[in-house]
>>> print(open('upload-v6.pdb').read())   # PDB, C-alpha atoms
ATOM      1  CA  MET A   1       0.000   0.000   0.000
ATOM      2  CA  GLN A   2       2.798   2.436   0.856
ATOM      3  CA  SER A   3       4.473   1.841  -2.506
ATOM      4  CA  ASP A   4       1.153   2.411  -4.311
ATOM      5  CA  TRP A   5       0.697   5.789  -2.636
ATOM      6  CA  ALA A   6       4.292   6.756  -3.414
ATOM      7  CA  LEU A   7       3.785   5.864  -7.076
ATOM      8  CA  PHE A   8       0.492   7.758  -7.177
ATOM      9  CA  ILE A   9       2.030  10.986  -5.830
ATOM     10  CA  ILE A  10       5.060  10.666  -8.105
ATOM     11  CA  THR A  11       2.826  10.034 -11.123
ATOM     12  CA  LEU A  12       0.755  13.164 -10.390
ATOM     13  CA  LEU A  13       3.906  15.293 -10.186
ATOM     14  CA  GLN A  14       5.280  13.791 -13.376
ATOM     15  CA  VAL A  15       2.013  14.426 -15.207
ATOM     16  CA  SER A  16       2.475  18.127 -14.422
ATOM     17  CA  THR A  17       5.957  17.842 -15.936
ATOM     18  CA  TYR A  18       4.528  16.214 -19.049
ATOM     19  CA  ILE A  19       1.987  19.038 -19.439
ATOM     20  CA  SER A  20       4.786  21.597 -19.062
ATOM     21  CA  LEU A  21       6.853  19.847 -21.752
ATOM     22  CA  VAL A  22       3.914  19.631 -24.152
ATOM     23  CA  ARG A  23       3.403  23.375 -23.814
ATOM     24  CA  SER A  24       7.127  23.917 -24.504
ATOM     25  CA  ARG A  25       7.394  21.618 -27.539
ATOM     26  CA  GLU A  26       8.290  24.500 -29.889
ATOM     27  CA  LYS A  27      11.081  25.588 -27.543
ATOM     28  CA  ILE A  28      12.328  21.989 -27.381
ATOM     29  CA  ARG A  29      12.672  21.908 -31.174
ATOM     30  CA  LEU A  30      14.248  25.372 -31.275
ATOM     31  CA  LEU A  31      16.836  24.415 -28.650
ATOM     32  CA  LEU A  32      17.774  21.294 -30.619
ATOM     33  CA  LYS A  33      18.151  23.412 -33.759
ATOM     34  CA  LYS A  34      20.459  25.885 -31.993
ATOM     35  CA  LEU A  35      22.518  23.059 -30.485
ATOM     36  CA  SER A  36      22.810  21.387 -33.870
ATOM     37  CA  LYS A  37      24.190  24.620 -35.327
ATOM     38  CA  ILE A  38      26.849  24.918 -32.607
ATOM     39  CA  SER A  39      27.687  21.196 -32.691
ATOM     40  CA  ARG A  40      28.490  21.286 -36.401
ATOM     41  CA  ILE A  41      31.292  23.749 -35.621
ATOM     42  CA  PHE A  42      32.920  22.017 -32.660
ATOM     43  CA  LEU A  43      31.887  18.348 -32.767
ATOM     44  CA  SER A  44      32.689  15.759 -35.381
ATOM     45  CA  VAL A  45      29.888  13.933 -37.168
ATOM     46  CA  ARG A  46      30.984  10.711 -35.470
ATOM     47  CA  ARG A  47      30.839  12.296 -31.998
ATOM     48  CA  CYS A  48      27.370  13.746 -32.630
ATOM     49  CA  ARG A  49      26.100  10.403 -33.899
ATOM     50  CA  LEU A  50      27.579   8.573 -30.898
ATOM     51  CA  LEU A  51      25.920  11.046 -28.526
ATOM     52  CA  ARG A  52      22.507  10.601 -30.160
ATOM     53  CA  ILE A  53      22.847   6.807 -30.168
ATOM     54  CA  SER A  54      23.747   6.862 -26.453
ATOM     55  CA  VAL A  55      20.640   8.904 -25.621
ATOM     56  CA  LEU A  56      18.468   6.614 -27.748
ATOM     57  CA  ALA A  57      19.961   3.535 -26.060
ATOM     58  CA  TYR A  58      19.195   5.026 -22.642
ATOM     59  CA  CYS A  59      15.557   5.665 -23.636
ATOM     60  CA  VAL A  60      15.205   2.108 -24.962
ATOM     61  CA  ILE A  61      16.718   0.631 -21.782
ATOM     62  CA  MET A  62      14.433   2.692 -19.540
ATOM     63  CA  PHE A  63      11.376   1.746 -21.596
ATOM     64  CA  SER A  64      12.371  -1.933 -21.412
ATOM     65  CA  MET A  65      12.754  -1.699 -17.636
ATOM     66  CA  ASP A  66       9.348  -0.024 -17.284
ATOM     67  CA  LEU A  67       7.712  -2.563 -19.581
ATOM     68  CA  HIS A  68       9.297  -5.388 -17.602
ATOM     69  CA  SER A  69       8.010  -3.914 -14.340
ATOM     70  CA  GLN A  70       4.521  -3.742 -15.850
ATOM     71  CA  ILE A  71       4.662  -7.413 -16.849
ATOM     72  CA  VAL A  72       5.953  -8.330 -13.379
ATOM     73  CA  TYR A  73       3.028  -6.519 -11.770
ATOM     74  CA  PHE A  74       0.362  -8.213 -13.905
ATOM     75  CA  PHE A  75       1.726 -11.659 -13.037
ATOM     76  CA  SER A  76       2.496 -10.947  -9.384
ATOM     77  CA  ARG A  77       0.704 -12.365  -6.373
ATOM     78  CA  SER A  78       0.196  -8.798  -5.158
ATOM     79  CA  ARG A  79      -2.202  -8.056  -8.020
ATOM     80  CA  GLU A  80      -4.146 -11.217  -7.270
ATOM     81  CA  ASN A  81      -4.373 -10.212  -3.599
ATOM     82  CA  ILE A  82      -5.701  -6.782  -4.574
ATOM     83  CA  ARG A  83      -8.350  -8.349  -6.797
ATOM     84  CA  TYR A  84      -9.282 -10.806  -4.048
ATOM     85  CA  ASP A  85      -9.613  -8.008  -1.457
ATOM     86  CA  ILE A  86     -11.823  -5.951  -3.770
ATOM     87  CA  HIS A  87     -14.075  -8.928  -4.543
ATOM     88  CA  HIS A  88     -14.567  -9.726  -0.855
ATOM     89  CA  THR A  89     -14.874  -6.225   0.569
ATOM     90  CA  ALA A  90     -18.203  -4.721   1.554
ATOM     91  CA  SER A  91     -16.933  -1.153   1.110
ATOM     92  CA  VAL A  92     -17.200  -1.302  -2.692
ATOM     93  CA  PRO A  93     -20.644  -1.918  -4.254
ATOM     94  CA  GLU A  94     -20.911  -5.127  -6.279
ATOM     95  CA  LYS A  95     -21.533  -3.267  -9.537
ATOM     96  CA  LEU A  96     -18.386  -1.164  -9.086
ATOM     97  CA  LYS A  97     -15.943  -3.955  -8.243
ATOM     98  CA  ASP A  98     -14.994  -4.855 -11.820
ATOM     99  CA  PRO A  99     -14.670  -1.187 -12.937
ATOM    100  CA  PHE A 100     -12.626  -0.483  -9.811
ATOM    101  CA  MET A 101     -10.170  -3.285 -10.639
ATOM    102  CA  PHE A 102     -10.012  -2.019 -14.221
ATOM    103  CA  LEU A 103      -9.132   1.476 -12.957
ATOM    104  CA  ILE A 104      -6.318   0.046 -10.842
ATOM    105  CA  ASP A 105      -4.870  -1.727 -13.890
ATOM    106  CA  ILE A 106      -5.194   1.482 -15.925
ATOM    107  CA  PHE A 107      -3.342   3.326 -13.182
ATOM    108  CA  TRP A 108      -0.407   0.921 -13.424
ATOM    109  CA  VAL A 109      -0.326   1.271 -17.205
ATOM    110  CA  SER A 110      -0.324   5.070 -16.817
ATOM    111  CA  VAL A 111       2.610   4.768 -14.398
ATOM    112  CA  VAL A 112       4.653   2.997 -17.075
ATOM    113  CA  MET A 113       3.698   5.529 -19.759
ATOM    114  CA  THR A 114       4.569   8.426 -17.455
ATOM    115  CA  HIS A 115       7.904   6.852 -16.547
ATOM    116  CA  PHE A 116       8.723   6.408 -20.224
ATOM    117  CA  THR A 117       7.886  10.058 -20.958
ATOM    118  CA  ILE A 118      10.047  11.244 -18.077
ATOM    119  CA  GLY A 119      12.833   8.874 -19.109
ATOM    120  CA  THR A 120      12.744  10.462 -22.557
ATOM    121  CA  PHE A 121      12.993  13.922 -20.981
ATOM    122  CA  ILE A 122      16.017  12.881 -18.913
ATOM    123  CA  GLY A 123      17.653  11.575 -22.087
ATOM    124  CA  TYR A 124      16.943  14.899 -23.811
ATOM    125  CA  TYR A 125      18.194  16.889 -20.809
ATOM    126  CA  SER A 126      21.409  14.859 -20.606
ATOM    127  CA  TYR A 127      21.945  15.306 -24.352
ATOM    128  CA  VAL A 128      21.572  19.098 -24.041
ATOM    129  CA  CYS A 129      23.974  19.255 -21.072
ATOM    130  CA  ILE A 130      26.636  17.028 -22.635
ATOM    131  CA  CYS A 131      26.404  18.827 -25.971
ATOM    132  CA  ILE A 132      26.784  22.297 -24.413
ATOM    133  CA  LYS A 133      29.581  21.153 -22.115
ATOM    134  CA  THR A 134      31.549  19.517 -24.943
ATOM    135  CA  CYS A 135      31.183  22.527 -27.259
ATOM    136  CA  VAL A 136      32.248  24.937 -24.502
ATOM    137  CA  ASP A 137      35.300  22.809 -23.656
ATOM    138  CA  LYS A 138      36.318  22.697 -27.322
ATOM    139  CA  PHE A 139      35.844  26.445 -27.638
ATOM    140  CA  ILE A 140      37.932  27.205 -24.525
ATOM    141  CA  LEU A 141      40.779  25.164 -26.012
ATOM    142  CA  LYS A 142      40.388  27.045 -29.285
ATOM    143  CA  SER A 143      40.168  30.438 -27.556
ATOM    144  CA  GLU A 144      43.945  30.574 -27.011
ATOM    145  CA  THR A 145      44.459  30.506 -30.771
ATOM    146  CA  LEU A 146      41.737  33.113 -31.338
ATOM    147  CA  ILE A 147      43.281  35.406 -28.710
ATOM    148  CA  SER A 148      46.702  35.101 -30.333
ATOM    149  CA  GLN A 149      45.057  36.079 -33.650
ATOM    150  CA  CYS A 150      43.183  38.987 -31.970
ATOM    151  CA  ASP A 151      39.945  37.487 -33.317
ATOM    152  CA  TYR A 152      37.709  38.773 -30.562
ATOM    153  CA  GLN A 153      34.644  38.793 -32.858
ATOM    154  CA  SER A 154      34.637  34.976 -33.004
ATOM    155  CA  LEU A 155      34.993  34.803 -29.228
ATOM    156  CA  LEU A 156      32.075  37.140 -28.636
ATOM    157  CA  SER A 157      29.981  35.499 -31.359
ATOM    158  CA  PHE A 158      30.267  32.066 -29.743
ATOM    159  CA  HIS A 159      29.562  33.479 -26.293
ATOM    160  CA  GLU A 160      26.467  35.210 -27.670
ATOM    161  CA  GLU A 161      25.205  31.922 -29.135
ATOM    162  CA  ILE A 162      25.784  30.074 -25.860
ATOM    163  CA  TYR A 163      24.073  32.923 -23.994
ATOM    164  CA  GLN A 164      20.978  32.566 -26.193
ATOM    165  CA  VAL A 165      20.987  28.771 -25.839
ATOM    166  CA  MET A 166      21.167  28.948 -22.038
ATOM    167  CA  ALA A 167      18.507  31.678 -21.863
ATOM    168  CA  LEU A 168      16.187  29.473 -23.936
ATOM    169  CA  ALA A 169      16.978  26.317 -21.951
ATOM    170  CA  ASN A 170      16.380  28.131 -18.671
ATOM    171  CA  GLU A 171      12.847  29.073 -19.777
ATOM    172  CA  PHE A 172      11.439  25.542 -19.877
ATOM    173  CA  LEU A 173      13.945  23.006 -18.500
ATOM    174  CA  SER A 174      14.257  24.171 -14.894
ATOM    175  CA  TYR A 175      10.761  23.147 -13.744
ATOM    176  CA  PRO A 176      10.782  19.609 -15.258
ATOM    177  CA  ALA A 177      14.302  19.119 -13.890
ATOM    178  CA  PHE A 178      13.160  20.148 -10.400
ATOM    179  CA  ILE A 179      10.144  17.815 -10.469
ATOM    180  CA  ASN A 180      12.267  14.906 -11.726
ATOM    181  CA  VAL A 181      14.876  15.388  -9.003
ATOM    182  CA  LEU A 182      12.137  15.719  -6.378
ATOM    183  CA  CYS A 183      10.317  12.598  -7.624
ATOM    184  CA  SER A 184      13.537  10.591  -7.803
ATOM    185  CA  MET A 185      14.462  11.518  -4.227
ATOM    186  CA  VAL A 186      10.960  10.779  -2.914
ATOM    187  CA  ALA A 187      10.919   7.440  -4.746
ATOM    188  CA  LEU A 188      14.403   6.513  -3.514
ATOM    189  CA  PHE A 189      13.396   7.250   0.066
ATOM    190  CA  ALA A 190       9.978   5.575  -0.148
ATOM    191  CA  PHE A 191      11.081   2.361  -1.848
ATOM    192  CA  SER A 192      14.261   2.038   0.236
ATOM    193  CA  TYR A 193      12.133   2.436   3.366
ATOM    194  CA  ILE A 194       9.626  -0.175   2.153
ATOM    195  CA  VAL A 195      12.306  -2.691   1.149
ATOM    196  CA  THR A 196      14.114  -2.225   4.483
ATOM    197  CA  PHE A 197      11.205  -2.221   6.939
ATOM    198  CA  TYR A 198       8.316  -3.834   5.034
ATOM    199  CA  PRO A 199       9.845  -6.390   2.646
ATOM    200  CA  PRO A 200       7.012  -8.029   0.675
ATOM    201  CA  ASP A 201       6.433 -11.774   0.752
ATOM    202  CA  ASP A 202       6.060 -11.889  -3.035
ATOM    203  CA  SER A 203       9.544 -12.133  -4.578
ATOM    204  CA  MET A 204       8.314 -10.519  -7.802
ATOM    205  CA  VAL A 205       7.063  -7.465  -5.902
ATOM    206  CA  TYR A 206      10.346  -7.315  -3.969
ATOM    207  CA  PHE A 207      12.246  -7.382  -7.261
ATOM    208  CA  GLU A 208       9.964  -4.652  -8.643
ATOM    209  CA  GLU A 209      10.644  -2.386  -5.659
ATOM    210  CA  CYS A 210      14.407  -2.919  -5.990
ATOM    211  CA  HIS A 211      14.042  -2.110  -9.688
ATOM    212  CA  GLU A 212      12.351   1.190  -8.758
ATOM    213  CA  ILE A 213      15.292   2.068  -6.489
ATOM    214  CA  ILE A 214      17.792   1.423  -9.290
ATOM    215  CA  ARG A 215      15.722   3.269 -11.901
ATOM    216  CA  ASN A 216      15.288   6.387  -9.770
ATOM    217  CA  LEU A 217      18.945   6.391  -8.758
ATOM    218  CA  MET A 218      19.923   6.263 -12.447
ATOM    219  CA  SER A 219      17.492   9.081 -13.247
ATOM    220  CA  LEU A 220      18.873  11.281 -10.463
ATOM    221  CA  LEU A 221      22.506  10.740 -11.461
ATOM    222  CA  LEU A 222      21.914  11.109 -15.211
ATOM    223  CA  LEU A 223      20.113  14.394 -14.667
ATOM    224  CA  MET A 224      22.358  16.072 -12.098
ATOM    225  CA  ILE A 225      25.874  14.983 -13.088
ATOM    226  CA  PRO A 226      25.735  16.218 -16.737
ATOM    227  CA  ALA A 227      24.048  19.459 -15.574
ATOM    228  CA  ALA A 228      26.711  20.054 -12.904
ATOM    229  CA  ARG A 229      29.515  19.476 -15.410
ATOM    230  CA  CYS A 230      27.791  21.768 -17.904
ATOM    231  CA  ASN A 231      27.539  24.566 -15.322
ATOM    232  CA  ARG A 232      31.206  24.133 -14.449
ATOM    233  CA  ALA A 233      32.138  24.500 -18.140
ATOM    234  CA  LEU A 234      29.941  27.614 -18.392
ATOM    235  CA  ASN A 235      31.766  29.143 -15.411
ATOM    236  CA  MET A 236      35.079  28.523 -17.173
ATOM    237  CA  LEU A 237      33.695  30.186 -20.307
ATOM    238  CA  LYS A 238      32.580  33.167 -18.214
ATOM    239  CA  GLU A 239      36.070  33.528 -16.737
ATOM    240  CA  THR A 240      37.593  33.294 -20.224
ATOM    241  CA  ILE A 241      35.365  36.094 -21.539
ATOM    242  CA  LYS A 242      36.055  38.254 -18.462
ATOM    243  CA  SER A 243      39.804  37.918 -19.057
ATOM    244  CA  LEU A 244      39.637  39.125 -22.682
ATOM    245  CA  PRO A 245      40.112  42.873 -21.959
ATOM    246  CA  GLY A 246      43.443  42.041 -20.338
ATOM    247  CA  TRP A 247      44.546  39.891 -23.293
ATOM    248  CA  LEU A 248      43.268  42.288 -25.968
ATOM    249  CA  PRO A 249      43.646  45.835 -24.586
ATOM    250  CA  GLN A 250      43.243  47.346 -28.059
ATOM    251  CA  HIS A 251      39.622  46.098 -28.085
ATOM    252  CA  ARG A 252      38.922  46.824 -24.439
ATOM    253  CA  LYS A 253      35.951  49.120 -25.085
ATOM    254  CA  ALA A 254      33.995  46.610 -27.212
ATOM    255  CA  LEU A 255      34.825  43.763 -24.847
ATOM    256  CA  LYS A 256      33.824  45.712 -21.728
ATOM    257  CA  MET A 257      30.517  46.624 -23.359
ATOM    258  CA  HIS A 258      29.788  42.960 -24.150
ATOM    259  CA  ILE A 259      30.749  41.877 -20.639
ATOM    260  CA  ARG A 260      28.488  44.483 -19.012
ATOM    261  CA  ARG A 261      25.589  43.506 -21.270
ATOM    262  CA  ARG A 262      25.856  39.712 -21.009
ATOM    263  CA  LEU A 263      27.852  38.645 -17.963
ATOM    264  CA  ASN A 264      25.767  40.611 -15.469
ATOM    265  CA  LYS A 265      22.955  38.117 -16.060
ATOM    266  CA  THR A 266      23.822  34.453 -16.450
ATOM    267  CA  PHE A 267      21.620  31.423 -17.077
ATOM    268  CA  PRO A 268      23.087  28.346 -15.378
ATOM    269  CA  LEU A 269      21.088  25.136 -15.312
ATOM    270  CA  THR A 270      18.894  25.237 -12.225
ATOM    271  CA  LEU A 271      16.135  23.381 -10.423
ATOM    272  CA  TRP A 272      13.105  25.649 -10.938
ATOM    273  CA  ASN A 273      15.374  28.729 -10.706
ATOM    274  CA  ILE A 274      15.912  27.938  -7.007
ATOM    275  CA  TYR A 275      19.047  25.764  -6.872
ATOM    276  CA  VAL A 276      21.979  26.022  -9.261
ATOM    277  CA  ILE A 277      22.945  22.443 -10.093
ATOM    278  CA  ASP A 278      26.453  21.467  -9.032
ATOM    279  CA  GLU A 279      28.235  18.491  -7.495
ATOM    280  CA  SER A 280      27.700  19.784  -3.955
ATOM    281  CA  LEU A 281      23.926  19.800  -4.524
ATOM    282  CA  LEU A 282      24.042  16.103  -5.446
ATOM    283  CA  ILE A 283      26.018  15.317  -2.290
ATOM    284  CA  SER A 284      23.512  17.356  -0.245
ATOM    285  CA  ALA A 285      20.642  15.394  -1.808
ATOM    286  CA  PHE A 286      22.149  12.054  -0.780
ATOM    287  CA  GLY A 287      22.958  13.485   2.651
ATOM    288  CA  THR A 288      19.317  14.503   3.072
ATOM    289  CA  LEU A 289      18.143  11.008   2.134
ATOM    290  CA  LEU A 290      20.526   9.430   4.651
ATOM    291  CA  THR A 291      19.495  11.875   7.391
ATOM    292  CA  TYR A 292      15.788  11.184   6.943
ATOM    293  CA  GLY A 293      16.522   7.468   6.655
ATOM    294  CA  PHE A 294      18.310   7.423  10.020
ATOM    295  CA  LEU A 295      15.574   9.594  11.547
ATOM    296  CA  VAL A 296      12.726   7.344  10.399
ATOM    297  CA  GLY A 297      14.719   4.248  11.344
ATOM    298  CA  ASN A 298      15.285   5.549  14.890
ATOM    299  CA  ILE A 299      11.579   6.350  15.235
ATOM    300  CA  LYS A 300      10.510   2.921  13.994
ATOM    301  CA  ILE A 301      12.878   0.800  16.110
ATOM    302  CA  PRO A 302      11.502   1.975  19.519
ATOM    303  CA  ASN A 303       7.947   1.527  18.200
ATOM    304  CA  ASP A 304       8.749  -2.082  17.363
TER
END
>>> encode(input="upload-v6.pdb", output="structure tokens")
Amino acid sequence: MQSDWALFIITLLQVSTYISLVRSREKIRLLLKKLSKISRIFLSVRRCRLLRISVLAYCVIMFSMDLHSQIVYFFSRSRENIRYDIHHTASVPEKLKDPFMFLIDIFWVSVVMTHFTIGTFIGYYSYVCICIKTCVDKFILKSETLISQCDYQSLLSFHEEIYQVMALANEFLSYPAFINVLCSMVALFAFSYIVTFYPPDDSMVYFEECHEIIRNLMSLLLLMIPAARCNRALNMLKETIKSLPGWLPQHRKALKMHIRRRLNKTFPLTLWNIYVIDESLLISAFGTLLTYGFLVGNIKIPND
């Protein structure tokens, strides 16, 4: 029962994410178009293809895991127990028992579909982060040559493109990212708690709950680690641009103007514009899970 409620709350939150992404579908396409333009300059065709194949493979793996969990549920003893309880309860009218069981099955199907949609978003988000981070790293390496050639226009042009990409990404990615991190943490806590303190008798259900722990851990890591590395690369780019007036004093006026206009407002990858994503935030998230785990464990042990 506890796992069902956890899944229900997580599904509701993820549905809100899906609605947000549907409303932002034009921005999703526009961001991909802008990234494709930048990638053609700094990434080889082979690297771009490998990156896309990796994201596609991740989506296929996540869909396979969700489909497998759905099959496990439909053949588990837990489902049979639920059907038995509904058939023999007096709380549900006789005419509503079959529709009620049908609604429960529909709910589990919707959970899988929602998980697949969110898995696709995480693949897209990781692709955006890795693509931006790789292009920025390549550009920083190339910037030494551009500085030696006094080609400040190319430096500012690339920074302007990255600025526009990050401004666009910040418009619609921060809320879905926040909800996904929140759902992953809630699911990790809920299913770890259930597996530890209320291990089910049905081995298939136990396997399903362990699968949920692994899936949500993967989702959390694949969302936060690429974003943290991307933000670190963007900070390095910012420092490179800020140092240009010292390297190119003959163009100081134009460079200072660009820096005042663009560097005063930055667009790092965030969680709903509240938390800037970095490695310390990931460590804090795991620390929070451990703290609440110890707290709940200490409360439960005396009660037992």
>>> closest_residue(input="upload-v6.pdb", among="A:Leu12, A:Met236, A:Met204, A:Val276", to="Phe107 in chain A", atoms="only C-alpha atoms")
A:Leu12
>>> atom_distance(input="upload-v6.pdb", atom1="CA of Asn273 in chain A", atom2="CA of Tyr58 in chain A")
26.8 Å
>>> resolve_selection(input="upload-v6.pdb", expression="the PyMOL selection byres ((chain A and resi 124-135) around 9)", output="PDB file with C-alpha atoms, in the coordinates of the input")
ATOM      1  CA  LEU A  31      16.836  24.415 -28.650  1.00  0.00           C
ATOM      2  CA  LEU A  32      17.774  21.294 -30.619  1.00  0.00           C
ATOM      3  CA  LEU A  35      22.518  23.059 -30.485  1.00  0.00           C
ATOM      4  CA  ILE A  38      26.849  24.918 -32.607  1.00  0.00           C
ATOM      5  CA  SER A  39      27.687  21.196 -32.691  1.00  0.00           C
ATOM      6  CA  ILE A  41      31.292  23.749 -35.621  1.00  0.00           C
ATOM      7  CA  PHE A  42      32.920  22.017 -32.660  1.00  0.00           C
ATOM      8  CA  LEU A  43      31.887  18.348 -32.767  1.00  0.00           C
ATOM      9  CA  CYS A  48      27.370  13.746 -32.630  1.00  0.00           C
ATOM     10  CA  LEU A  51      25.920  11.046 -28.526  1.00  0.00           C
ATOM     11  CA  ARG A  52      22.507  10.601 -30.160  1.00  0.00           C
ATOM     12  CA  SER A  54      23.747   6.862 -26.453  1.00  0.00           C
ATOM     13  CA  VAL A  55      20.640   8.904 -25.621  1.00  0.00           C
ATOM     14  CA  GLY A 119      12.833   8.874 -19.109  1.00  0.00           C
ATOM     15  CA  THR A 120      12.744  10.462 -22.557  1.00  0.00           C
ATOM     16  CA  PHE A 121      12.993  13.922 -20.981  1.00  0.00           C
ATOM     17  CA  ILE A 122      16.017  12.881 -18.913  1.00  0.00           C
ATOM     18  CA  GLY A 123      17.653  11.575 -22.087  1.00  0.00           C
ATOM     19  CA  VAL A 136      32.248  24.937 -24.502  1.00  0.00           C
ATOM     20  CA  ASP A 137      35.300  22.809 -23.656  1.00  0.00           C
ATOM     21  CA  LYS A 138      36.318  22.697 -27.322  1.00  0.00           C
ATOM     22  CA  PHE A 139      35.844  26.445 -27.638  1.00  0.00           C
ATOM     23  CA  ILE A 140      37.932  27.205 -24.525  1.00  0.00           C
ATOM     24  CA  ILE A 162      25.784  30.074 -25.860  1.00  0.00           C
ATOM     25  CA  VAL A 165      20.987  28.771 -25.839  1.00  0.00           C
ATOM     26  CA  ALA A 169      16.978  26.317 -21.951  1.00  0.00           C
ATOM     27  CA  LEU A 173      13.945  23.006 -18.500  1.00  0.00           C
ATOM     28  CA  ALA A 177      14.302  19.119 -13.890  1.00  0.00           C
ATOM     29  CA  LEU A 222      21.914  11.109 -15.211  1.00  0.00           C
ATOM     30  CA  LEU A 223      20.113  14.394 -14.667  1.00  0.00           C
ATOM     31  CA  MET A 224      22.358  16.072 -12.098  1.00  0.00           C
ATOM     32  CA  ILE A 225      25.874  14.983 -13.088  1.00  0.00           C
ATOM     33  CA  PRO A 226      25.735  16.218 -16.737  1.00  0.00           C
ATOM     34  CA  ALA A 227      24.048  19.459 -15.574  1.00  0.00           C
ATOM     35  CA  ALA A 228      26.711  20.054 -12.904  1.00  0.00           C
ATOM     36  CA  ARG A 229      29.515  19.476 -15.410  1.00  0.00           C
ATOM     37  CA  CYS A 230      27.791  21.768 -17.904  1.00  0.00           C
ATOM     38  CA  ASN A 231      27.539  24.566 -15.322  1.00  0.00           C
ATOM     39  CA  ARG A 232      31.206  24.133 -14.449  1.00  0.00           C
ATOM     40  CA  ALA A 233      32.138  24.500 -18.140  1.00  0.00           C
ATOM     41  CA  LEU A 234      29.941  27.614 -18.392  1.00  0.00           C
ATOM     42  CA  LEU A 269      21.088  25.136 -15.312  1.00  0.00           C
TER      43      LEU A 269
END
>>> atom_distance(input="upload-v6.pdb", atom1="CA of Ile106 in chain A", atom2="CA of Ser24 in chain A")
27.0 Å
>>> atom_distance(input="upload-v6.pdb", atom1="CA of Tyr206 in chain A", atom2="CA of Trp108 in chain A")
16.5 Å
>>> closest_residue(input="upload-v6.pdb", among="A:Ser154, A:Ser78, A:Thr89, A:Gln164", to="Lys34 in chain A", atoms="all atoms listed in the file")
A:Gln164
>>> resolve_selection(input="upload-v6.pdb", expression="the PyMOL selection byres ((chain A and resi 71) around 12)", output="list in words")
Ser64, Met65, Asp66, Leu67, His68, Ser69, Gln70, Val72, Tyr73, Phe74, Phe75, Ser76, Arg79, Asp105, Trp108, Val109, Val112, Met204, Val205 and Glu208 of chain A
>>> residues_around(input="upload-v6.pdb", residues="Arg261 in chain A", least_positions_apart="4", cutoff="12 Å", atoms="all atoms listed in the file", output="PyMOL selection string")
chain A and resi 156+159-160+163+254-257+265-266
>>> closest_residue(input="upload-v6.pdb", among="A:Leu244, A:Ile86, A:Ile179, A:Leu141", to="Ser20 in chain A", atoms="only C-alpha atoms")
A:Ile179
>>> resolve_selection(input="upload-v6.pdb", expression="the PyMOL selection byres ((chain A and resi 191) around 10)", output="NGL selection string")
:A and (2-3 or 6-7 or 186-190 or 192-199 or 206 or 208-213 or 216)
>>> axis_aligned_box(input="upload-v6.pdb", around="range 70-88 of chain A", padding_each_side="8 Å", output="lines of an AutoDock Vina configuration file")
center_x = -4.3
center_y = -8.1
center_z = -8.9
size_x = 36.5
size_y = 24.6
size_z = 32.0
>>> closest_residue(input="upload-v6.pdb", among="A:Met185, A:Ser157, A:Arg23, A:Phe116", to="Tyr292 in chain A", atoms="only C-alpha atoms")
A:Met185
